[in-house]
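Report on one structure; see the data block that follows.
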Amino acid sequence: MGSYKHSVSLNPDKCLGCTHCLKHCSTEAIRIRNKRAVIDPARCIDCGECIRVCPHHAKKAVSDKLSDIPKDKFKIALPAPSLYGQFSNLEDIDYVLKGLLDYGFDDVYEVARAAEIVSDYTRREMKKVEKPVISSACPVIARLLSLRYPLLADKLLTLLPPMELAAKEAKAQARKKHPELKEDDIVTVFISPCPAKVSYVKNKTGENKSYVDYVVSMSDVYFELLNVMKPEIGEAPVSKTGMIGLGWASTGGEATAIFNEKYLAADGIDNVVRVLEEIDNGSFPELEFVELNACPGGCVGGVMTVVNPYIAKARISNLKRYLPVSGNHAPDGDDVPDDVKEKLEFEYIPVTLGSGFGDAIKIMQERERLKKMLPGIDCGSCGSPTCAAFAQDVANGVSDISECIVFMREELEKLHKTDDGE
Ligand code: SF4
Ligand code: SF4
């Protein structure tokens, strides 16, 4: 896991050590050291929450730049459905798709189309597997499970996410339309609303390599499109998606598409954690499908988008009005082919407590002893997110008890009282 490639990073020059991000990180991955935030790569799930809450813009999402895409390749744009919600007064998705072609892409394959095919496969898979099933479409969820809920790992839906299936289908379509192109001549470019999808692509390696070649930020593409989108789009329609595909842009879209009322859809990383806690504790036995999105409102709330997620959602609802329910379907049959199944490389990443069993027990005992000494007010001024996390850091030898100012003040007061003979 040490080699995991992250897409959330910190600019130390902008960081004031204010502790905002420290208190919002759901995996306690952040510490303040020497007045600057530090991210523990083993704990970070690339949810982007720290980017969202930093008042000083010290955290940023790292993605490919549009200038990284080689000009001499056959370039296929893969717009996430949330892209359409970024534009005001958009009457037709084709304005965006044709804008992408005018910008310089050779072809466009809507991720919303692949989402409709994934919805078909999900319905098939649901007939065969034990419930509840947890969607793996938001990449943050698999990583969060690996850190905190390993017992729920076998509940993850093992289907390729729409972005991945879109890239696979787009490449196959391009090879068919242009037999003169070699495999290497074609590149797929996902237009992403969030850093988690960048990490997902960058960490698929070897035989499990992603079909997506580049992941660019939705906000970068948005500003380029504003320059090239035309008031007239001509006759020929480009979009082949329906309501189901667009619905995936916001929370509940994926779950409602499986036509099973026993579902739960939650968004925002804190709500996601609460739901997982409940499921881990055996609550909600009646649930059959669980859709979880780390971002508020779903993908429309990703930190690489431009507009307020609720405005984007309303715009997408408006675009859906005149579309068919679904424009795309999985090939006939009852099975899910192996090549659309996700090979989840799930690895439990426990928080390390020493190198052996004896060490672990000693560290745990020390942590519990320290916890009783600390004030329990979780103020964050020690640089750890909670008093419990600080006790763990001190027991692990990475912090010193003197960094807790409340504890030190109490100790000093006790000393004064002793000196005064009280
Ligand atoms: S929110 Fe975090 S990254 Fe931003 S200034 Fe405060 S401590 Fe630094
Ligand atoms: S991206 Fe999420 S998990 Fe990683 S440090 Fe930021 S808030 Fe924590």
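Here's how to read the names in the structure tokens: chain A, B, ... by the order shown, residue numbers from 1 in each chain, ligand numbers from 1 in the order shown.
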
Enumerate residues in contact with ligand 1: an atom-to-atom distance of at most 10 Å, counting only C-alpha atoms and all ligand atoms. Format the result as a ChimeraX atom specification.
/A:9-25,30-33,35-39,50-60,383

From segment 49-192 of chain A, collect each residue whose DSSP state is helix (DSSP H, G or I) and return the set as a PyMOL selection string.
chain A and resi 49-53+66-68+81-86+94-103+111-126+139-148+150-155+162-177+183-185

Hey, can you check how far atom CA of Gly252 of chain A sits from atom CA of Asn293 of chain A?
9.4 Å

Nearest to ligand 2, chosen from A:Ala42, A:Leu156, A:Ala115, A:Met408, with only C-alpha atoms and all ligand atoms counted in the distances:
A:Ala42

Please list as a list in words every residue within 7 Å of Asn328 of chain A, counting only C-alpha atoms and excluding residues in the same chain fewer than 6 positions away.
Arg113, Glu116, Ile117 and Thr241 of chain A

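Nearest to ligand 2 of all the residues A:Asp120, A:Asp280, A:Glu368, A:Asp46 is A:Asp46, counting only C-alpha atoms and all ligand atoms.
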
Find the residues around Ser135 of chain A up to 6 Å (only C-alpha atoms counted), leave out those fewer than 2 positions away in its own chain, and share them as a PyMOL selection string.
chain A and resi 137+156-157+291

If I take atom CA of Glu164 of chain A and atom CA of Ile244 of chain A, how far is one from the other in Å, to one decimal?
17.5 Å

Using DSSP on the backbone coordinates, identify all residues within segment 273-390 of chain A classified as strand (DSSP E); present the result as number ranges by chain.
A: 289-293

Taking N, CA and C atoms for each residue, export the selection above as an mmCIF file, in the first residue's frame.
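So again_29.cif came out as:
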data_model
loop_
_atom_site.group_PDB
_atom_site.id
_atom_site.type_symbol
_atom_site.label_atom_id
_atom_site.label_comp_id
_atom_site.auth_asym_id
_atom_site.auth_seq_id
_atom_site.Cartn_x
_atom_site.Cartn_y
_atom_site.Cartn_z
ATOM 1 N N PHE A 289 -29.761 -3.101 -1.473
ATOM 2 C CA PHE A 289 -28.754 -2.383 -2.256
ATOM 3 C C PHE A 289 -28.367 -1.093 -1.534
ATOM 4 N N VAL A 290 -27.077 -0.838 -1.491
ATOM 5 C CA VAL A 290 -26.585 0.355 -0.784
ATOM 6 C C VAL A 290 -25.735 1.172 -1.747
ATOM 7 N N GLU A 291 -26.202 2.374 -2.031
ATOM 8 C CA GLU A 291 -25.427 3.290 -2.894
ATOM 9 C C GLU A 291 -24.788 4.342 -2.001
ATOM 10 N N LEU A 292 -23.492 4.441 -2.045
ATOM 11 C CA LEU A 292 -22.791 5.412 -1.195
ATOM 12 C C LEU A 292 -21.921 6.315 -2.059
ATOM 13 N N ASN A 293 -22.035 7.589 -1.812
ATOM 14 C CA ASN A 293 -21.236 8.577 -2.558
ATOM 15 C C ASN A 293 -20.500 9.448 -1.554
#

List the spatial neighbours of Lys313 of chain A as an MDAnalysis selection string - criterion: any atom at most 8 Å away, only C-alpha atoms, same-chain residues fewer than 2 positions off excluded.
chainID A and resid 85 249:250 297 300 309:311 315:317

What's around Val62 of chain A at 9 Å? Count only C-alpha atoms, leave out sequence neighbours fewer than 3 positions away in its own chain, and write the answer as a ChimeraX atom specification.
/A:6-9,195,198,217

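What separates atom CA of Tyr263 of chain A from atom CA of Glu286 of chain A is a distance of 8.9 Å.
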
So that I can see what lies close to segment 180-187 of chain A, please list as a ChimeraX atom specification the residues with an atom at most 9 Å from it, counting only C-alpha atoms and leaving out residues fewer than 5 positions away in the same chain.
/A:69-70,72-77,167,171,174-175,211-214

Deliver the residues from the most recent selection as a file, using N, CA and C atoms, as a compact mmCIF listing (two decimals), in the first residue's frame.
# COMPACT_ATOMS: atom_id res chain seq x y z
N ILE A 69 -2.34 15.40 -23.09
CA ILE A 69 -2.92 14.43 -24.04
C ILE A 69 -2.21 14.57 -25.39
N PRO A 70 -1.61 13.50 -25.89
CA PRO A 70 -0.85 13.64 -27.14
C PRO A 70 -1.77 14.00 -28.32
N ASP A 72 -1.27 13.70 -31.49
CA ASP A 72 -1.25 12.82 -32.67
C ASP A 72 -2.04 11.52 -32.46
N LYS A 73 -2.70 11.36 -31.33
CA LYS A 73 -3.47 10.13 -31.07
C LYS A 73 -4.95 10.35 -31.43
N PHE A 74 -5.67 9.23 -31.53
CA PHE A 74 -7.13 9.31 -31.69
C PHE A 74 -7.72 9.47 -30.30
N LYS A 75 -8.21 10.65 -29.98
CA LYS A 75 -8.55 11.02 -28.61
C LYS A 75 -10.07 10.91 -28.39
N ILE A 76 -10.44 10.10 -27.42
CA ILE A 76 -11.89 9.94 -27.14
C ILE A 76 -12.20 10.56 -25.78
N ALA A 77 -13.11 11.53 -25.77
CA ALA A 77 -13.54 12.15 -24.50
C ALA A 77 -14.60 11.28 -23.85
N ALA A 167 -14.76 3.50 -21.21
CA ALA A 167 -13.45 3.52 -21.89
C ALA A 167 -13.26 2.24 -22.71
N LYS A 171 -13.09 2.29 -26.83
CA LYS A 171 -11.92 1.80 -27.58
C LYS A 171 -12.35 0.75 -28.61
N ALA A 174 -14.05 2.48 -31.50
CA ALA A 174 -13.09 3.21 -32.35
C ALA A 174 -12.33 2.23 -33.25
N ARG A 175 -11.96 1.06 -32.71
CA ARG A 175 -11.22 0.07 -33.51
C ARG A 175 -12.10 -0.45 -34.65
N TYR A 211 -8.77 0.98 -18.56
CA TYR A 211 -9.00 1.31 -19.97
C TYR A 211 -8.94 2.82 -20.18
N VAL A 212 -8.92 3.57 -19.08
CA VAL A 212 -8.84 5.04 -19.16
C VAL A 212 -7.35 5.42 -19.19
N ASP A 213 -6.99 6.27 -20.15
CA ASP A 213 -5.57 6.65 -20.26
C ASP A 213 -5.25 7.97 -19.56
N TYR A 214 -6.18 8.89 -19.59
CA TYR A 214 -5.96 10.19 -18.94
C TYR A 214 -7.21 10.56 -18.15

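Each of A:Gly206, A:Pro179, A:Gly282, A:Pro41 was compared to ligand 2 using only C-alpha atoms and all ligand atoms, and A:Pro41 turns out to be the nearest.
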